[in-house]
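Structure file start_2.txt; described as compact mmCIF, C-alpha atoms and all ligand atoms.
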# COMPACT_ATOMS: atom_id res chain seq x y z
CA MET A 1 110.85 111.23 104.69
CA PRO A 2 112.62 107.96 105.51
CA ARG A 3 113.57 107.70 109.15
CA LEU A 4 117.05 109.03 109.91
CA ILE A 5 119.03 106.63 112.12
CA ALA A 6 121.92 107.99 114.13
CA ASN A 7 125.30 106.61 113.16
CA ALA A 8 127.91 106.51 115.92
CA GLU A 9 129.32 103.14 114.88
CA THR A 10 133.12 103.21 114.79
CA ARG A 11 133.80 99.49 114.40
CA SER A 12 133.95 97.85 110.99
CA ALA A 13 132.94 94.40 109.79
CA SER A 14 133.67 92.41 106.65
CA LEU A 15 130.92 91.35 104.26
CA GLU A 16 131.11 87.77 105.56
CA GLU A 17 130.88 88.94 109.17
CA THR A 18 127.92 91.16 108.29
CA ILE A 19 126.06 88.34 106.55
CA ASP A 20 126.68 86.03 109.54
CA GLU A 21 125.51 88.75 111.92
CA LEU A 22 122.34 89.39 109.93
CA HIS A 23 121.58 85.67 109.79
CA ARG A 24 121.86 85.68 113.57
CA ILE A 25 119.82 88.81 114.32
CA GLY A 26 117.56 89.06 111.24
CA PHE A 27 115.90 92.25 110.01
CA ASP A 28 112.32 92.91 111.04
CA PRO A 29 111.31 96.52 110.25
CA GLN A 30 108.29 96.22 112.56
CA HIS A 31 110.50 95.92 115.63
CA GLU A 32 112.53 98.86 116.81
CA GLY A 33 115.27 96.70 118.34
CA SER A 34 115.70 94.71 115.14
CA VAL A 35 115.96 97.90 113.04
CA ASP A 36 118.64 99.27 115.39
CA HIS A 37 120.67 96.04 115.31
CA ALA A 38 120.46 95.71 111.53
CA ALA A 39 121.32 99.40 111.05
CA ARG A 40 124.45 98.99 113.18
CA ALA A 41 125.46 95.90 111.20
CA LEU A 42 125.04 97.90 107.99
CA GLN A 43 127.03 100.81 109.41
CA ARG A 44 129.88 98.48 110.40
CA LEU A 45 129.95 97.11 106.86
CA ALA A 46 130.00 100.67 105.52
CA ASN A 47 133.04 101.30 107.74
CA ASP A 48 134.93 98.61 105.82
CA ARG A 49 136.26 100.89 103.09
CA GLU A 50 137.75 98.09 100.99
CA PHE A 51 135.29 95.23 100.74
CA LEU A 52 133.28 96.50 97.76
CA GLY A 53 136.32 97.50 95.69
CA ASP A 54 137.87 94.10 96.40
CA LEU A 55 134.65 92.33 95.43
CA LEU A 56 134.35 94.27 92.16
CA LEU A 57 137.98 93.49 91.38
CA ASP A 58 137.39 89.78 92.03
CA MET A 59 134.36 89.87 89.72
CA LEU A 60 136.31 91.58 86.96
CA ALA A 61 139.18 89.10 87.36
CA GLY A 62 136.77 86.16 87.24
CA ARG A 63 137.57 85.12 90.82
CA ALA A 64 134.00 85.82 91.98
CA ALA A 65 130.68 85.30 90.25
CA SER A 66 128.73 88.39 89.22
CA PRO A 67 125.39 87.86 90.94
CA GLN A 68 122.33 88.55 88.83
CA SER A 69 120.09 90.89 90.75
CA GLY A 70 117.19 91.44 88.42
CA TYR A 71 117.68 95.15 89.13
CA GLY A 72 120.11 95.77 86.26
CA PRO A 73 123.86 96.46 86.31
CA GLN A 74 123.38 99.31 88.79
CA ALA A 75 122.69 96.87 91.63
CA ILE A 76 125.09 94.30 93.05
CA VAL A 77 123.56 91.63 95.26
CA LEU A 78 125.94 91.05 98.17
CA SER A 79 124.18 88.09 99.79
CA PRO A 80 121.87 85.41 98.43
CA PRO A 81 118.23 86.37 99.08
CA ARG A 82 117.74 83.74 101.77
CA GLY A 83 115.14 84.10 104.47
CA GLU A 84 113.65 87.51 105.06
CA TRP A 85 116.34 89.93 103.86
CA PHE A 86 119.23 90.41 101.48
CA LEU A 87 122.11 92.83 101.09
CA ARG A 88 122.67 94.96 98.02
CA ALA A 89 125.02 97.68 96.82
CA ASN A 90 123.71 100.32 94.41
CA ILE A 91 125.88 102.41 92.12
CA TRP A 92 124.63 105.92 91.36
CA PRO A 93 126.35 107.54 88.36
CA SER A 94 126.60 111.32 88.07
CA GLU A 95 125.66 113.38 85.04
CA ARG A 96 129.35 113.44 84.08
CA ASP A 97 129.61 109.65 83.88
CA THR A 98 129.56 108.04 80.44
CA CYS A 99 127.02 105.37 81.37
CA LEU A 100 124.47 108.04 82.30
CA LYS A 101 125.19 110.08 79.18
CA SER A 102 124.83 107.05 76.92
CA SER A 103 121.93 105.24 78.62
CA GLY A 104 119.90 108.20 79.91
CA ALA A 105 118.72 109.20 83.38
CA ALA A 106 115.58 107.04 83.28
CA HIS A 107 117.76 103.93 83.03
CA PHE A 108 118.99 104.67 86.56
CA VAL A 109 115.52 105.57 87.92
CA TYR A 110 116.44 109.24 88.17
CA GLY A 111 113.39 111.49 87.86
CA ALA A 112 111.06 108.53 88.36
CA PRO A 113 109.07 109.23 91.56
CA HIS A 114 108.09 106.01 93.32
CA ASP A 115 107.32 104.40 96.63
CA HIS A 116 108.48 100.91 97.65
CA ASN A 117 106.47 97.81 98.52
CA PHE A 118 109.20 96.70 100.95
CA ASP A 119 111.05 98.26 103.87
CA PHE A 120 114.77 98.77 103.55
CA LEU A 121 117.71 100.22 105.40
CA THR A 122 120.27 102.17 103.42
CA VAL A 123 123.59 103.85 104.16
CA GLY A 124 125.69 106.16 102.00
CA TYR A 125 128.92 104.22 101.35
CA PHE A 126 130.87 106.30 98.88
CA GLY A 127 130.60 109.75 97.31
CA PRO A 128 128.25 112.67 97.99
CA GLY A 129 125.20 110.43 97.46
CA TYR A 130 122.16 110.59 95.23
CA VAL A 131 119.76 113.43 95.93
CA SER A 132 116.06 112.82 96.60
CA ASP A 133 112.97 114.95 96.71
CA TYR A 134 111.10 113.20 99.51
CA TYR A 135 107.35 112.94 99.87
CA GLU A 136 104.98 110.95 102.07
CA TYR A 137 101.50 109.65 101.37
CA ASP A 138 98.82 107.41 102.86
CA TYR A 139 98.79 104.09 101.02
CA GLU A 140 95.52 103.07 102.62
CA ARG A 141 93.76 106.07 101.06
CA VAL A 142 94.92 105.26 97.53
CA THR A 143 93.25 102.64 95.35
CA GLY A 144 95.88 102.73 92.61
CA TRP A 145 94.14 103.59 89.36
CA ARG A 146 95.98 105.80 86.90
CA GLY A 147 95.20 109.44 87.44
CA GLU A 148 94.09 109.03 91.06
CA ALA A 149 95.08 111.89 93.40
CA ALA A 150 97.81 110.47 95.63
CA GLY A 151 97.81 113.09 98.40
CA LEU A 152 101.59 113.47 98.28
CA ARG A 153 103.12 115.74 100.94
CA PHE A 154 106.56 117.20 100.16
CA VAL A 155 109.05 116.80 103.00
CA GLU A 156 112.50 117.88 101.84
CA ARG A 157 115.31 117.55 99.31
CA SER A 158 118.48 115.91 100.65
CA ALA A 159 121.42 113.70 99.66
CA LEU A 160 122.40 110.28 100.99
CA SER A 161 125.86 111.36 102.10
CA GLU A 162 128.53 108.97 103.37
CA GLY A 163 127.51 107.31 106.64
CA LYS A 164 123.96 108.68 106.55
CA THR A 165 121.57 105.86 107.45
CA LEU A 166 117.89 105.84 106.54
CA LEU A 167 114.98 103.44 107.00
CA TYR A 168 112.66 103.66 103.98
CA ARG A 169 109.18 102.68 105.08
CA ALA A 170 107.13 100.54 102.70
CA HIS A 171 104.06 102.24 101.20
CA ARG A 172 104.82 105.54 102.93
CA ASP A 173 108.05 107.17 101.74
CA VAL A 174 108.13 108.40 98.16
CA HIS A 175 111.19 109.77 96.46
CA SER A 176 112.24 111.23 93.15
CA GLN A 177 115.98 110.79 92.73
CA LEU A 178 118.52 113.06 91.07
CA PRO A 179 122.09 112.10 90.14
CA PRO A 180 124.81 112.81 92.70
CA GLU A 181 127.52 115.37 91.95
CA THR A 182 129.99 112.52 91.48
CA MET A 183 129.49 108.78 91.27
CA SER A 184 128.24 107.38 94.57
CA VAL A 185 127.43 104.05 96.16
CA SER A 186 124.82 103.07 98.75
CA LEU A 187 124.42 99.81 100.67
CA ASN A 188 121.00 98.35 101.49
CA ILE A 189 119.38 95.68 103.60
CA LEU A 190 116.07 94.86 101.96
CA ARG A 191 113.26 93.11 103.75
CA ILE A 192 111.64 90.26 101.80
CA ASP A 193 107.98 89.50 102.47
CA PRO A 194 106.27 86.73 100.46
CA ALA A 195 103.08 88.83 100.36
CA GLN A 196 104.73 92.00 99.03
CA ALA A 197 104.14 91.10 95.36
CA TRP A 198 100.40 91.50 96.02
CA CYS A 199 100.89 95.00 97.46
CA ASP A 200 101.28 97.75 94.89
CA GLN A 201 104.39 99.80 94.28
CA TYR A 202 103.42 102.99 92.48
CA GLY A 203 105.00 105.46 90.11
CA PHE A 204 103.77 109.03 90.56
CA ASP A 205 103.28 112.13 88.43
CA LEU A 206 104.53 114.91 90.69
CA GLU A 207 103.28 117.73 88.47
CA HIS A 208 99.69 116.59 88.90
CA GLY A 209 100.10 114.80 92.24
CA ILE A 210 98.64 111.56 90.90
CA VAL A 211 99.39 107.85 90.61
CA SER A 212 100.87 107.33 87.14
CA HIS A 213 101.23 103.55 87.08
CA VAL A 214 101.86 100.37 89.07
CA LEU A 215 105.52 99.36 89.08
CA ASN A 216 105.20 95.73 90.14
CA PRO A 217 102.89 93.70 87.90
CA THR A 218 102.70 90.12 89.15
CA SER A 219 103.47 87.04 87.08
CA SER A 220 99.90 85.83 87.71
CA GLU A 221 98.53 88.86 85.81
CA THR A 222 100.87 88.12 82.90
CA PHE A 223 99.93 84.43 82.87
CA LEU A 224 96.24 85.36 82.78
CA ARG A 225 96.77 87.73 79.83
CA CYS A 226 98.75 85.05 77.97
CA ALA A 227 96.14 82.34 78.65
CA VAL A 228 93.28 84.53 77.42
CA GLY A 229 95.33 85.74 74.47
CA LEU A 230 96.06 82.17 73.38
CA GLY A 231 92.31 81.68 72.96
CA GLY A 232 89.66 79.18 74.02
CA GLU A 233 86.58 79.31 76.20
CA GLY A 234 88.27 78.06 79.37
CA PRO A 235 90.61 81.02 79.90
CA ARG A 236 87.86 83.50 78.98
CA ASP A 237 85.50 81.89 81.49
CA LEU A 238 88.24 82.02 84.11
CA ALA A 239 88.90 85.69 83.32
CA ASP A 240 85.18 86.41 83.61
CA HIS A 241 85.11 84.66 87.00
CA PHE A 242 88.27 86.43 88.23
CA GLY A 243 86.86 89.77 87.06
CA ARG A 244 83.93 89.34 89.43
CA HIS A 245 85.32 87.40 92.36
CA HIS A 246 89.14 87.40 92.65
CA PRO A 247 90.31 88.71 96.06
CA SER A 248 93.07 90.77 94.36
CA ASP A 249 91.95 94.03 92.72
CA ARG A 250 94.89 93.76 90.35
CA MET A 251 93.83 90.30 89.14
CA ARG A 252 90.31 91.59 88.57
CA LEU A 253 91.71 94.43 86.51
CA ALA A 254 94.02 92.07 84.58
CA SER A 255 91.03 89.90 83.69
CA PHE A 256 89.30 92.89 82.07
CA GLU A 257 92.52 93.98 80.33
CA ALA A 258 93.10 90.47 78.93
CA ARG A 259 89.63 90.36 77.37
CA ALA A 260 89.75 93.96 76.16
CA MET A 261 92.98 93.24 74.28
CA LEU A 262 91.09 90.80 72.04
CA ALA A 263 88.10 93.08 71.49
CA ASP A 264 87.34 95.75 68.90
CA ALA A 265 86.68 99.32 70.10
CA GLY A 266 82.94 98.82 70.57
CA GLU A 267 83.31 95.53 72.45
CA ALA A 268 86.11 96.96 74.57
CA ASP A 269 84.02 99.98 75.48
CA ALA A 270 81.11 97.71 76.50
CA LEU A 271 83.48 95.56 78.58
CA TRP A 272 84.95 98.58 80.36
CA ARG A 273 81.43 99.91 80.95
CA THR A 274 80.70 96.65 82.78
CA ALA A 275 83.95 97.15 84.69
CA GLU A 276 82.87 100.65 85.70
CA LYS A 277 79.83 99.14 87.40
CA SER A 278 81.70 96.23 88.97
CA GLY A 279 81.72 97.72 92.44
CA ASN A 280 85.52 97.52 92.64
CA ARG A 281 87.17 100.94 93.03
CA LEU A 282 90.42 100.08 91.25
CA VAL A 283 88.66 98.41 88.33
CA ALA A 284 86.05 101.19 88.08
CA GLY A 285 88.67 103.98 88.22
CA GLU A 286 90.83 102.33 85.58
CA ALA A 287 87.76 101.57 83.42
CA LYS A 288 86.97 105.29 83.23
CA PHE A 289 90.50 105.91 82.02
CA ARG A 290 90.28 103.14 79.40
CA ARG A 291 86.91 104.33 78.07
CA ALA A 292 88.30 107.85 77.68
CA GLU A 293 91.28 106.39 75.76
CA ILE A 294 88.92 104.49 73.42
CA GLU A 295 86.83 107.61 72.83
CA THR A 296 89.92 109.69 72.07
CA ALA A 297 91.14 107.09 69.57
CA LEU A 298 87.83 107.00 67.66
CA PRO A 299 87.90 108.82 64.31
FE FE B 301 113.61 104.06 95.57

Can the structure from this file be put into structure tokens for me?
Amino acid sequence: MPRLIANAETRSASLEETIDELHRIGFDPQHEGSVDHAARALQRLANDREFLGDLLLDMLAGRAASPQSGYGPQAIVLSPPRGEWFLRANIWPSERDTCLKSSGAAHFVYGAPHDHNFDFLTVGYFGPGYVSDYYEYDYERVTGWRGEAAGLRFVERSALSEGKTLLYRAHRDVHSQLPPETMSVSLNILRIDPAQAWCDQYGFDLEHGIVSHVLNPTSSETFLRCAVGLGGEGPRDLADHFGRHHPSDRMRLASFEARAMLADAGEADALWRTAEKSGNRLVAGEAKFRRAEIETALP
């Protein structure tokens, strides 16, 4: 369960004041004092009941740019991601809202259990708040292959009501979200760590208590697949080398995937058999899965 942070803040602060304050104090989730200071700054912003409506109005009127977040239209970036944090507002539609009816719950990550590969502070800003089924797990005990038992421990179901402030801990807190009763908004301070792309963020299958997939493939994995797919000995040799020696498990796995994509069923099975014996737990676990898939697909 994310850590509940008491909220006794009665003062309010504008978005500009909050950004200035956060630039001054920073947000380091590893330090208790920093978490407290940042949480108070976020609570003061949440006490400004007009800033977000004004900002949305300015965007609609063309007086303010609509920042592209990369998280879809549900997320509004409130500060440029400079340094080690950025501010974001998230809109959580209810089941009665047209956008949810037309786009579907999955579009808004409802019913998609996941952890996070970053720490973040959040506060309920408006409405009854999205509901979460909260779980915890031990990241260090999970390798990350599909079907691996995740050791999830259920904690509770609760809503992010107005003013409620939580610290979501990277690689520890898992939640499966449900729509709020009526449209709601949360505000976040997200910690940015240059190394976080190399640390997995997982999706989970709650029914079976397993890892279902990795949510944050890196661009390096994609580049490797493209390079191998475009052909030539050089990329294949590089993939072979990465498959044996790359310090990232995910890059090792990507090197096998890239070569398997070009292979027929027999060659792919032989490649994944090699992967099973590679001595790497992630690659070996995933290889078992892939070989079973190939066997199932055989006539
Ligand atoms: Fe989440």

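Residue nearest ligand FE 301 (chain B), chosen from A:Pro180, A:Gly151, A:Pro194, A:Gly111 and counting only C-alpha atoms and all ligand atoms: A:Gly111.
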
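Residue nearest ligand FE 301 (chain B) within the list A:Leu282, A:Val155, A:Leu4, A:Ala170: A:Ala170 [criterion: smallest interatomic distance, all atoms listed in the file].
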
Worksheet item: Which protein, DNA or RNA residues have an atom within 9 Å of ligand FE 301 (chain B), counting all atoms listed in the file, as a ChimeraX atom specification?
Response: /A:109,112-116,168,173-177

Could you please take those selected residues and save C-alpha atoms as a tab-separated table (two decimals), in the frame of the given file?
chain	number	residue	atom	x	y	z
A	109	VAL	CA	115.52	105.57	87.92
A	112	ALA	CA	111.06	108.53	88.36
A	113	PRO	CA	109.07	109.23	91.56
A	114	HIS	CA	108.09	106.01	93.32
A	115	ASP	CA	107.32	104.40	96.63
A	116	HIS	CA	108.48	100.91	97.65
A	168	TYR	CA	112.66	103.66	103.98
A	173	ASP	CA	108.05	107.17	101.74
A	174	VAL	CA	108.13	108.40	98.16
A	175	HIS	CA	111.19	109.77	96.46
A	176	SER	CA	112.24	111.23	93.15
A	177	GLN	CA	115.98	110.79	92.73

Worksheet item: Given the choices A:Leu178, A:Leu152, A:Ala270, A:Ile91, which gets closest to Ala75 (chain A) if the distance is worked out from all atoms listed in the file?
Response: A:Ile91

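Nearest to Glu276 (chain A) of all the residues A:Leu253, A:Ala197, A:Ala13, A:Ala297 is A:Leu253, counting only C-alpha atoms.
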
Please write out, as AutoDock Vina command-line options, where the centre of an axis-aligned box around all listed atoms of region 106-109 of chain A lies and how long its edges are, in Å to one decimal, after adding 8 Å on each side.
--center_x 117.3 --center_y 105.5 --center_z 85.5 --size_x 19.5 --size_y 19.1 --size_z 20.9

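CA of Val214 (chain A) lies 13.3 Å from CA of Gln196 (chain A).
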
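Distance-wise, CA of Arg153 (chain A) and CA of Tyr110 (chain A) end up 19.6 Å apart.
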
Residues of region 187-292 of chain A that have any atom at most 8 Å from an atom of region 122-135 of chain A: could you tabulate them with the shortest-distance atom pair and the distance in Å to one decimal, using all atoms listed in the file, ordered by chain and increasing number, as JSON lines?
{"residue": "A:Leu187", "atom": "CA", "partner": "A:Val123", "partner_atom": "CA", "distance": 5.4}
{"residue": "A:Asn188", "atom": "CA", "partner": "A:Thr122", "partner_atom": "CA", "distance": 4.3}
{"residue": "A:Ile189", "atom": "CA", "partner": "A:Thr122", "partner_atom": "CA", "distance": 6.6}

Okay, now the selection with C-alpha atoms, as a PDB file, in the coordinates of the input?
ATOM      1  CA  LEU A 187     124.420  99.810 100.670  1.00  0.00           C
ATOM      2  CA  ASN A 188     121.000  98.350 101.490  1.00  0.00           C
ATOM      3  CA  ILE A 189     119.380  95.680 103.600  1.00  0.00           C
TER       4      ILE A 189
END

Response to the item:
A straight line from CA of Phe27 (chain A) to CA of Ala39 (chain A) spans 9.0 Å

7 Å contact set for Ala150 (chain A), all atoms listed in the file, chain neighbours under 2 positions out, as an mmCIF file with C-alpha atoms, keeping the file's coordinate frame:
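So the final result, stored in around.cif, reads:
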data_model
loop_
_atom_site.group_PDB
_atom_site.id
_atom_site.type_symbol
_atom_site.label_atom_id
_atom_site.label_comp_id
_atom_site.auth_asym_id
_atom_site.auth_seq_id
_atom_site.Cartn_x
_atom_site.Cartn_y
_atom_site.Cartn_z
ATOM 1 C CA TYR A 137 101.500 109.650 101.370
ATOM 2 C CA VAL A 142 94.920 105.260 97.530
ATOM 3 C CA GLU A 148 94.090 109.030 91.060
ATOM 4 C CA LEU A 152 101.590 113.470 98.280
ATOM 5 C CA GLY A 209 100.100 114.800 92.240
ATOM 6 C CA ILE A 210 98.640 111.560 90.900
ATOM 7 C CA VAL A 211 99.390 107.850 90.610
#

Practice prompt. Write out as a VMD selection string each polymer residue whose atoms come within 10 Å of Asp269 (chain A), counting only C-alpha atoms; drop sequence neighbours fewer than 3 positions from it.
Written response: chain A and resid 260 263 to 266 272 to 275 287 to 288 290 to 295
